[in-house]
$ cat query04.txt   # compact mmCIF, C-alpha atoms
# COMPACT_ATOMS: atom_id res chain seq x y z
CA MET A 1 192.93 31.35 -122.45
CA PRO A 2 193.39 28.83 -119.61
CA ASN A 3 192.02 31.18 -116.93
CA ALA A 4 188.87 31.87 -118.92
CA VAL A 5 188.33 28.13 -119.44
CA LEU A 6 188.72 27.43 -115.72
CA ILE A 7 186.27 30.21 -114.83
CA HIS A 8 183.79 28.84 -117.38
CA HIS A 9 184.01 25.30 -115.97
CA ALA A 10 183.74 26.55 -112.39
CA SER A 11 180.69 28.66 -113.19
CA GLY A 12 179.13 25.71 -115.02
CA LEU A 13 179.66 23.45 -112.00
CA PHE A 14 178.23 26.08 -109.67
CA THR A 15 175.17 26.45 -111.90
CA ARG A 16 174.63 22.69 -111.92
CA ILE A 17 174.79 22.65 -108.11
CA TYR A 18 172.01 25.21 -107.97
CA ASN A 19 169.87 23.49 -110.60
CA ASP A 20 170.43 19.88 -109.62
CA GLN A 21 166.81 18.94 -108.86
CA SER A 22 164.90 21.37 -111.07
CA ALA A 23 165.13 24.52 -113.09
CA ALA A 24 163.88 27.77 -111.59
CA ASN A 25 160.33 26.49 -112.07
CA LEU A 26 158.81 23.79 -109.87
CA ASN A 27 155.19 24.29 -110.88
CA ALA A 28 154.75 20.60 -111.57
CA PRO A 29 157.38 18.62 -109.63
CA THR A 30 157.75 14.98 -110.52
CA PRO A 31 157.60 12.24 -107.88
CA VAL A 32 161.36 11.79 -108.13
CA GLN A 33 161.90 15.49 -107.52
CA ILE A 34 159.53 15.47 -104.53
CA ILE A 35 161.30 12.50 -102.93
CA ALA A 36 164.75 13.98 -103.62
CA CYS A 37 163.81 17.35 -102.13
CA VAL A 38 162.20 15.93 -98.99
CA VAL A 39 164.98 13.38 -98.38
CA GLY A 40 167.60 16.09 -99.00
CA ALA A 41 165.88 18.36 -96.47
CA LEU A 42 165.74 15.50 -93.96
CA ILE A 43 169.47 14.74 -94.34
CA ILE A 44 170.41 18.41 -94.02
CA GLY A 45 168.21 18.68 -90.92
CA LEU A 46 170.05 15.70 -89.42
CA VAL A 47 173.38 17.41 -90.10
CA ILE A 48 172.14 20.54 -88.36
CA GLY A 49 170.99 18.42 -85.43
CA LEU A 50 174.42 16.78 -85.16
CA LEU A 51 176.04 20.21 -85.26
CA TYR A 52 173.74 21.31 -82.44
CA ILE A 53 174.73 18.27 -80.38
CA PHE A 54 178.44 18.98 -80.90
CA THR A 55 178.21 22.67 -79.98
CA HIS A 56 176.05 21.96 -76.91
CA ARG A 57 177.75 18.80 -75.63
CA LYS A 58 179.25 20.62 -72.62
CA VAL A 59 176.28 22.74 -71.58
CA GLY A 60 173.65 20.10 -72.35
CA TYR A 61 170.75 20.04 -74.76
CA ALA A 62 167.18 18.82 -75.11
CA GLN A 63 166.54 15.76 -77.24
CA SER A 64 163.32 17.34 -78.51
CA ILE A 65 165.21 20.19 -80.18
CA VAL A 66 167.55 17.80 -82.00
CA ILE A 67 164.62 15.71 -83.26
CA THR A 68 162.71 18.83 -84.28
CA MET A 69 165.36 20.01 -86.75
CA PRO A 70 165.18 17.21 -89.37
CA MET A 71 161.41 16.99 -88.92
CA LEU A 72 160.99 20.72 -89.44
CA SER A 73 163.25 20.79 -92.50
CA ALA A 74 161.37 17.94 -94.17
CA MET A 75 157.94 19.36 -93.29
CA VAL A 76 158.78 22.81 -94.63
CA ALA A 77 160.14 21.28 -97.85
CA ALA A 78 157.01 19.18 -98.27
CA VAL A 79 154.70 22.16 -97.70
CA ILE A 80 156.55 24.30 -100.21
CA LEU A 81 156.54 21.51 -102.79
CA MET A 82 152.77 21.25 -102.48
CA MET A 83 152.43 25.02 -102.78
CA CYS A 84 154.52 24.89 -105.94
CA THR A 85 151.87 22.68 -107.53
CA LEU A 86 149.14 25.20 -106.70
CA SER A 87 150.82 28.58 -107.13
CA GLU A 88 151.85 30.64 -110.10
CA ALA A 89 155.58 30.57 -110.78
CA GLY A 90 156.12 34.22 -109.95
CA LEU A 91 154.34 33.99 -106.58
CA THR A 92 155.71 30.67 -105.43
CA ALA A 93 158.76 31.94 -103.56
CA ALA A 94 157.00 34.74 -101.70
CA ILE A 95 153.99 32.65 -100.66
CA SER A 96 156.19 29.71 -99.68
CA LEU A 97 158.42 31.85 -97.47
CA THR A 98 155.43 33.41 -95.75
CA GLY A 99 153.81 30.02 -95.14
CA ALA A 100 157.03 28.38 -93.96
CA PHE A 101 158.01 31.00 -91.42
CA SER A 102 154.49 31.06 -89.99
CA LEU A 103 154.81 27.38 -89.04
CA VAL A 104 156.84 28.19 -85.94
CA ARG A 105 155.52 30.45 -83.20
CA PHE A 106 157.40 30.80 -79.94
CA ARG A 107 154.54 30.93 -77.44
CA SER A 108 156.51 30.04 -74.33
CA VAL A 109 159.23 31.96 -72.51
CA PRO A 110 162.12 32.60 -74.94
CA GLY A 111 165.06 30.31 -74.44
CA ASP A 112 168.63 30.60 -75.63
CA PRO A 113 168.76 32.75 -78.80
CA LYS A 114 171.15 30.21 -80.32
CA ASP A 115 168.45 27.53 -80.08
CA ILE A 116 166.06 29.77 -82.02
CA ALA A 117 168.79 30.43 -84.59
CA TYR A 118 169.26 26.67 -85.10
CA ILE A 119 165.50 26.27 -85.60
CA PHE A 120 165.50 28.95 -88.30
CA PHE A 121 168.62 27.35 -89.80
CA ALA A 122 166.64 24.15 -90.25
CA MET A 123 163.64 26.05 -91.59
CA GLY A 124 165.74 27.98 -94.10
CA SER A 125 167.30 24.76 -95.37
CA GLY A 126 163.84 23.26 -95.75
CA VAL A 127 162.66 26.29 -97.73
CA ILE A 128 165.57 25.99 -100.15
CA CYS A 129 165.08 22.24 -100.58
CA GLY A 130 161.36 22.76 -101.12
CA LEU A 131 162.12 25.14 -103.98
CA GLY A 132 164.12 22.35 -105.61
CA TYR A 133 167.67 23.56 -104.98
CA VAL A 134 168.99 20.71 -102.84
CA GLY A 135 172.58 21.35 -103.92
CA TYR A 136 172.29 25.00 -102.97
CA ALA A 137 170.82 23.97 -99.59
CA ALA A 138 173.78 21.64 -99.04
CA VAL A 139 176.26 24.42 -99.85
CA PHE A 140 174.35 26.80 -97.57
CA CYS A 141 174.40 24.21 -94.77
CA LEU A 142 178.14 23.56 -95.14
CA ILE A 143 179.07 27.25 -95.13
CA LEU A 144 176.90 28.17 -92.15
CA SER A 145 177.93 25.03 -90.23
CA ALA A 146 181.60 25.91 -90.75
CA VAL A 147 180.97 29.43 -89.45
CA LEU A 148 179.12 28.13 -86.38
CA LEU A 149 181.91 25.64 -85.67
CA ILE A 150 184.52 28.39 -85.87
CA PHE A 151 182.48 30.57 -83.50
CA HIS A 152 182.10 27.67 -81.09
CA LEU A 153 185.73 26.50 -81.12
CA THR A 154 187.15 30.03 -80.79
CA ASN A 155 184.58 31.08 -78.18
CA PHE A 156 183.85 34.07 -80.39
CA ALA A 157 182.46 37.24 -78.75
CA ALA A 158 182.53 35.75 -75.24
CA PRO A 159 182.43 38.64 -72.75
CA PRO A 160 185.22 38.94 -70.16
CA ILE A 161 182.56 39.46 -67.47
CA GLN A 162 179.25 37.77 -66.65
CA ASP A 163 175.98 39.39 -65.61
CA MET A 164 174.49 37.20 -62.90
CA THR A 165 171.94 37.25 -60.11
CA LEU A 166 172.88 36.46 -56.52
CA LYS A 167 170.32 35.43 -53.90
CA ILE A 168 171.36 35.45 -50.24
CA THR A 169 169.20 34.20 -47.37
CA ILE A 170 169.78 35.78 -43.96
CA PRO A 171 168.06 35.47 -40.55
CA GLU A 172 165.61 38.21 -39.56
CA ASN A 173 167.82 39.52 -36.73
CA LEU A 174 170.83 40.15 -39.02
CA ASN A 175 171.32 43.71 -40.27
CA TYR A 176 172.15 43.40 -43.97
CA ASN A 177 173.00 47.06 -44.57
CA GLY A 178 176.66 47.13 -45.63
CA LEU A 179 177.18 43.54 -44.46
CA PHE A 180 178.23 42.14 -47.85
CA ASP A 181 179.74 45.30 -49.38
CA ALA A 182 183.38 44.28 -48.87
CA VAL A 183 182.85 40.84 -50.43
CA MET A 184 180.96 42.34 -53.37
CA ASP A 185 183.67 44.88 -54.02
CA LYS A 186 186.32 42.13 -53.89
CA TYR A 187 184.76 39.70 -56.38
CA THR A 188 182.61 41.85 -58.67
CA VAL A 189 183.03 44.89 -60.88
CA PHE A 190 179.43 45.96 -60.33
CA TRP A 191 176.67 45.04 -57.87
CA HIS A 192 173.27 46.37 -56.96
CA LEU A 193 170.67 45.23 -54.42
CA ARG A 194 167.49 44.69 -56.43
CA ARG A 195 165.06 43.14 -54.00
CA VAL A 196 164.53 42.38 -50.32
CA LYS A 197 161.83 39.83 -49.49
CA THR A 198 160.72 38.10 -46.29
CA THR A 199 160.16 34.34 -46.28
CA ASP A 200 159.09 31.63 -43.83
CA PHE A 201 156.59 33.94 -42.10
CA GLY A 202 159.16 36.67 -41.64
CA THR A 203 161.84 34.53 -40.00
CA LEU A 204 164.18 34.89 -42.99
CA PHE A 205 165.08 37.56 -45.54
CA ASP A 206 165.98 36.95 -49.19
CA LEU A 207 168.36 39.52 -50.69
CA VAL A 208 168.56 39.54 -54.50
CA TYR A 209 171.55 41.28 -56.09
CA SER A 210 172.41 42.03 -59.70
CA ILE A 211 176.14 41.50 -60.02
CA ARG A 212 178.76 41.57 -62.74
CA ILE A 213 181.48 39.04 -62.01
CA LYS A 214 184.73 38.42 -63.87
CA THR A 215 185.08 35.05 -65.59
CA ASP A 216 188.35 34.25 -63.82
CA VAL A 217 186.87 34.67 -60.34
CA ASP A 218 186.68 31.57 -58.14
CA GLN A 219 182.94 31.39 -57.57
CA LYS A 220 183.27 28.86 -54.74
CA LYS A 221 185.46 31.21 -52.70
CA PHE A 222 183.01 34.00 -53.43
CA ILE A 223 180.10 31.95 -52.10
CA ASP A 224 182.10 30.64 -49.12
CA GLU A 225 182.89 34.17 -47.95
CA ILE A 226 179.22 35.08 -48.18
CA ARG A 227 178.27 31.97 -46.17
CA THR A 228 180.53 33.06 -43.32
CA LEU A 229 178.49 36.27 -43.09
CA ASN A 230 174.94 34.98 -43.50
CA GLY A 231 175.05 32.19 -40.94
CA ASN A 232 175.68 29.46 -43.53
CA LEU A 233 172.18 29.82 -44.97
CA ASN A 234 171.29 29.42 -48.65
CA VAL A 235 173.33 31.27 -51.30
CA THR A 236 172.26 30.96 -54.95
CA LEU A 237 174.21 32.27 -57.95
CA VAL A 238 172.43 32.12 -61.31
CA LEU A 239 172.53 33.69 -64.76
CA TYR A 240 170.65 36.98 -64.87
CA ARG A 241 168.25 36.04 -67.65
CA TYR A 242 166.72 33.29 -65.51
CA ASP A 243 166.03 35.60 -62.61
CA ASP A 244 162.27 35.96 -63.09
CA GLN A 245 161.81 32.21 -63.58
CA ILE A 246 163.51 31.46 -60.29
CA TYR A 247 162.41 34.20 -57.93
CA GLU A 248 158.93 35.11 -59.13
CA THR A 249 156.11 33.00 -57.73
CA LYS A 250 153.39 32.30 -60.27
CA SER A 251 149.87 32.90 -59.14
CA LYS A 252 147.65 29.86 -59.15
$ encode --input "query04.txt" --output "structure tokens"
Amino acid sequence: MPNAVLIHHASGLFTRIYNDQSAANLNAPTPVQIIACVVGALIIGLVIGLLYIFTHRKVGYAQSIVITMPMLSAMVAAVILMMCTLSEAGLTAAISLTGAFSLVRFRSVPGDPKDIAYIFFAMGSGVICGLGYVGYAAVFCLILSAVLLIFHLTNFAAPPIQDMTLKITIPENLNYNGLFDAVMDKYTVFWHLRRVKTTDFGTLFDLVYSIRIKTDVDQKKFIDEIRTLNGNLNVTLVLYRYDDQIYETKSK
């Protein structure tokens, strides 16, 4: 039957993609297999890095993250290949996964969750290449890259409102109680005064608000109306998740 023949050929091609560099057993990889797996991991890491550049071209990105992705993929693949030469076949996958995912520890302040997801994307591709399935890693990379591109181009799951932090500086002789209520009610759907702090030896006050602002609001007009009320002193509008980094003073 023609349909059965097509299914058989398709399944055969899919199997060859999975088993292109080795069978399910990489206990004793050959030099050709080692080179193919590491180079495959490096190329896939470069593709992931290019995808990261494309999806972050408007908001900016760090060069170090882009360089890290191909390096991490190749290093993980190399480590797993070496473990395959030392481990029993049945334990290889479990030990390799444990060793690979322990290579990265986020010791600093967490950044954008998408950046961490890209790092694990590169690590996962390196794990698959290290197990010998370079074709499978390529298919995995293509599918996940297509999904990430669709999410990026369609602005998937973008909220209609933004949680932000507003910092307003006022002189010490200005009564701030109810002063900015009308402006807040006009431009936000929610606001709350979180902190009041004196600065410059008590000559100024810093008011820190948590606000929820609509995406279609003109932020410049919002800030200009605040400036007319605070004596044209500093007004800072930032994303909420960076609040502690900006307003907390580290002890030395």
$ residues_near_point --input "query04.txt" --point "(167.6, 16.1, -102.2)" --cutoff "10 Å" --atoms "only C-alpha atoms" --output "MDAnalysis selection string"
chainID A and resid 20:21 32:44 129:130 132:135 137:138
$ write_last_selection --input "query04.txt" --atoms "C-alpha atoms" --output "PDB file, in the coordinates of the input"
ATOM      1  CA  ASP A  20     170.430  19.880-109.620  1.00  0.00           C
ATOM      2  CA  GLN A  21     166.810  18.940-108.860  1.00  0.00           C
ATOM      3  CA  VAL A  32     161.360  11.790-108.130  1.00  0.00           C
ATOM      4  CA  GLN A  33     161.900  15.490-107.520  1.00  0.00           C
ATOM      5  CA  ILE A  34     159.530  15.470-104.530  1.00  0.00           C
ATOM      6  CA  ILE A  35     161.300  12.500-102.930  1.00  0.00           C
ATOM      7  CA  ALA A  36     164.750  13.980-103.620  1.00  0.00           C
ATOM      8  CA  CYS A  37     163.810  17.350-102.130  1.00  0.00           C
ATOM      9  CA  VAL A  38     162.200  15.930 -98.990  1.00  0.00           C
ATOM     10  CA  VAL A  39     164.980  13.380 -98.380  1.00  0.00           C
ATOM     11  CA  GLY A  40     167.600  16.090 -99.000  1.00  0.00           C
ATOM     12  CA  ALA A  41     165.880  18.360 -96.470  1.00  0.00           C
ATOM     13  CA  LEU A  42     165.740  15.500 -93.960  1.00  0.00           C
ATOM     14  CA  ILE A  43     169.470  14.740 -94.340  1.00  0.00           C
ATOM     15  CA  ILE A  44     170.410  18.410 -94.020  1.00  0.00           C
ATOM     16  CA  CYS A 129     165.080  22.240-100.580  1.00  0.00           C
ATOM     17  CA  GLY A 130     161.360  22.760-101.120  1.00  0.00           C
ATOM     18  CA  GLY A 132     164.120  22.350-105.610  1.00  0.00           C
ATOM     19  CA  TYR A 133     167.670  23.560-104.980  1.00  0.00           C
ATOM     20  CA  VAL A 134     168.990  20.710-102.840  1.00  0.00           C
ATOM     21  CA  GLY A 135     172.580  21.350-103.920  1.00  0.00           C
ATOM     22  CA  ALA A 137     170.820  23.970 -99.590  1.00  0.00           C
ATOM     23  CA  ALA A 138     173.780  21.640 -99.040  1.00  0.00           C
TER      24      ALA A 138
END
$ axis_aligned_box --input "query04.txt" --around "region 221-224 of chain A" --padding-each-side "4 Å" --output "lines of an AutoDock Vina configuration file"
center_x = 182.8
center_y = 32.3
center_z = -51.3
size_x = 13.4
size_y = 11.4
size_z = 12.3
$ atom_distance --input "query04.txt" --atom1 "CA of Asp206 (chain A)" --atom2 "CA of Ile168 (chain A)"
5.7 Å
$ residues_around --input "query04.txt" --residues "Val59 (chain A)" --least-positions-apart "6" --cutoff "12 Å" --atoms "all atoms listed in the file" --output "PyMOL selection string"
chain A and resi 52-53+112
$ residues_near_point --input "query04.txt" --point "(168.6, 38.5, -41.1)" --cutoff "12 Å" --atoms "all atoms listed in the file" --output "ChimeraX atom specification"
/A:168-177,179,196-199,202-207,229-233
$ atom_distance --input "query04.txt" --atom1 "CA of Thr188 (chain A)" --atom2 "CA of Thr55 (chain A)"
29.0 Å
$ atom_distance --input "query04.txt" --atom1 "CA of Ala158 (chain A)" --atom2 "CA of Pro113 (chain A)"
14.5 Å
$ residues_around --input "query04.txt" --residues "Leu237 (chain A)" --least-positions-apart "6" --cutoff "8 Å" --atoms "only C-alpha atoms" --output "list of chain:residue names"
A:Met164, A:Thr165, A:Leu166, A:Lys167
$ write_last_selection --input "query04.txt" --atoms "C-alpha atoms" --output "PDB file, in the coordinates of the input"
ATOM      1  CA  MET A 164     174.490  37.200 -62.900  1.00  0.00           C
ATOM      2  CA  THR A 165     171.940  37.250 -60.110  1.00  0.00           C
ATOM      3  CA  LEU A 166     172.880  36.460 -56.520  1.00  0.00           C
ATOM      4  CA  LYS A 167     170.320  35.430 -53.900  1.00  0.00           C
TER       5      LYS A 167
END
$ residues_around --input "query04.txt" --residues "Leu149 (chain A)" --least-positions-apart "4" --cutoff "9 Å" --atoms "all atoms listed in the file" --output "ChimeraX atom specification"
/A:51,54-55,144-145,153-154
$ residues_around --input "query04.txt" --residues "Ile65 (chain A)" --least-positions-apart "5" --cutoff "10 Å" --atoms "only C-alpha atoms" --output "list in words"
Gly49, Tyr52, Ile53, Pro70, Asp115, Ile116, Tyr118 and Ile119 of chain A
$ closest_residue --input "query04.txt" --among "A:Val47, A:Ile226, A:Val127, A:Ile211" --to "Met69 (chain A)" --atoms "all atoms listed in the file"
A:Val47
$ build_atoms --input "query04.txt" --residues "region 149-165 of chain A" --atoms "N, CA and C atoms" --output "PDB file, in the coordinates of the input"
ATOM      1  N   LEU A 149     180.832  26.403 -86.314  1.00  0.00           N
ATOM      2  CA  LEU A 149     181.910  25.640 -85.670  1.00  0.00           C
ATOM      3  C   LEU A 149     183.073  26.546 -85.282  1.00  0.00           C
ATOM      4  N   ILE A 150     183.423  27.458 -86.175  1.00  0.00           N
ATOM      5  CA  ILE A 150     184.520  28.390 -85.870  1.00  0.00           C
ATOM      6  C   ILE A 150     184.155  29.251 -84.666  1.00  0.00           C
ATOM      7  N   PHE A 151     182.931  29.762 -84.640  1.00  0.00           N
ATOM      8  CA  PHE A 151     182.480  30.570 -83.500  1.00  0.00           C
ATOM      9  C   PHE A 151     182.540  29.766 -82.208  1.00  0.00           C
ATOM     10  N   HIS A 152     182.132  28.497 -82.294  1.00  0.00           N
ATOM     11  CA  HIS A 152     182.100  27.670 -81.090  1.00  0.00           C
ATOM     12  C   HIS A 152     183.510  27.328 -80.606  1.00  0.00           C
ATOM     13  N   LEU A 153     184.390  26.932 -81.510  1.00  0.00           N
ATOM     14  CA  LEU A 153     185.730  26.500 -81.120  1.00  0.00           C
ATOM     15  C   LEU A 153     186.598  27.664 -80.651  1.00  0.00           C
ATOM     16  N   THR A 154     186.371  28.853 -81.199  1.00  0.00           N
ATOM     17  CA  THR A 154     187.150  30.030 -80.790  1.00  0.00           C
ATOM     18  C   THR A 154     186.504  30.813 -79.670  1.00  0.00           C
ATOM     19  N   ASN A 155     185.316  30.370 -79.226  1.00  0.00           N
ATOM     20  CA  ASN A 155     184.580  31.080 -78.180  1.00  0.00           C
ATOM     21  C   ASN A 155     184.392  32.551 -78.571  1.00  0.00           C
ATOM     22  N   PHE A 156     183.955  32.730 -79.800  1.00  0.00           N
ATOM     23  CA  PHE A 156     183.850  34.070 -80.390  1.00  0.00           C
ATOM     24  C   PHE A 156     182.872  34.944 -79.607  1.00  0.00           C
ATOM     25  N   ALA A 157     183.281  36.190 -79.372  1.00  0.00           N
ATOM     26  CA  ALA A 157     182.460  37.240 -78.750  1.00  0.00           C
ATOM     27  C   ALA A 157     182.088  36.931 -77.307  1.00  0.00           C
ATOM     28  N   ALA A 158     182.818  36.029 -76.647  1.00  0.00           N
ATOM     29  CA  ALA A 158     182.530  35.750 -75.240  1.00  0.00           C
ATOM     30  C   ALA A 158     182.948  36.945 -74.393  1.00  0.00           C
ATOM     31  N   PRO A 159     182.078  37.454 -73.553  1.00  0.00           N
ATOM     32  CA  PRO A 159     182.430  38.640 -72.750  1.00  0.00           C
ATOM     33  C   PRO A 159     183.403  38.276 -71.640  1.00  0.00           C
ATOM     34  N   PRO A 160     184.278  39.200 -71.249  1.00  0.00           N
ATOM     35  CA  PRO A 160     185.220  38.940 -70.160  1.00  0.00           C
ATOM     36  C   PRO A 160     184.539  38.958 -68.793  1.00  0.00           C
ATOM     37  N   ILE A 161     183.293  39.412 -68.722  1.00  0.00           N
ATOM     38  CA  ILE A 161     182.560  39.460 -67.470  1.00  0.00           C
ATOM     39  C   ILE A 161     181.200  38.808 -67.683  1.00  0.00           C
ATOM     40  N   GLN A 162     180.545  38.440 -66.589  1.00  0.00           N
ATOM     41  CA  GLN A 162     179.250  37.770 -66.650  1.00  0.00           C
ATOM     42  C   GLN A 162     178.245  38.523 -65.796  1.00  0.00           C
ATOM     43  N   ASP A 163     177.085  38.821 -66.377  1.00  0.00           N
ATOM     44  CA  ASP A 163     175.980  39.390 -65.610  1.00  0.00           C
ATOM     45  C   ASP A 163     175.215  38.255 -64.965  1.00  0.00           C
ATOM     46  N   MET A 164     175.125  38.289 -63.638  1.00  0.00           N
ATOM     47  CA  MET A 164     174.490  37.200 -62.900  1.00  0.00           C
ATOM     48  C   MET A 164     173.586  37.769 -61.823  1.00  0.00           C
ATOM     49  N   THR A 165     172.811  36.887 -61.223  1.00  0.00           N
ATOM     50  CA  THR A 165     171.940  37.250 -60.110  1.00  0.00           C
ATOM     51  C   THR A 165     172.354  36.426 -58.889  1.00  0.00           C
TER      52      THR A 165
END
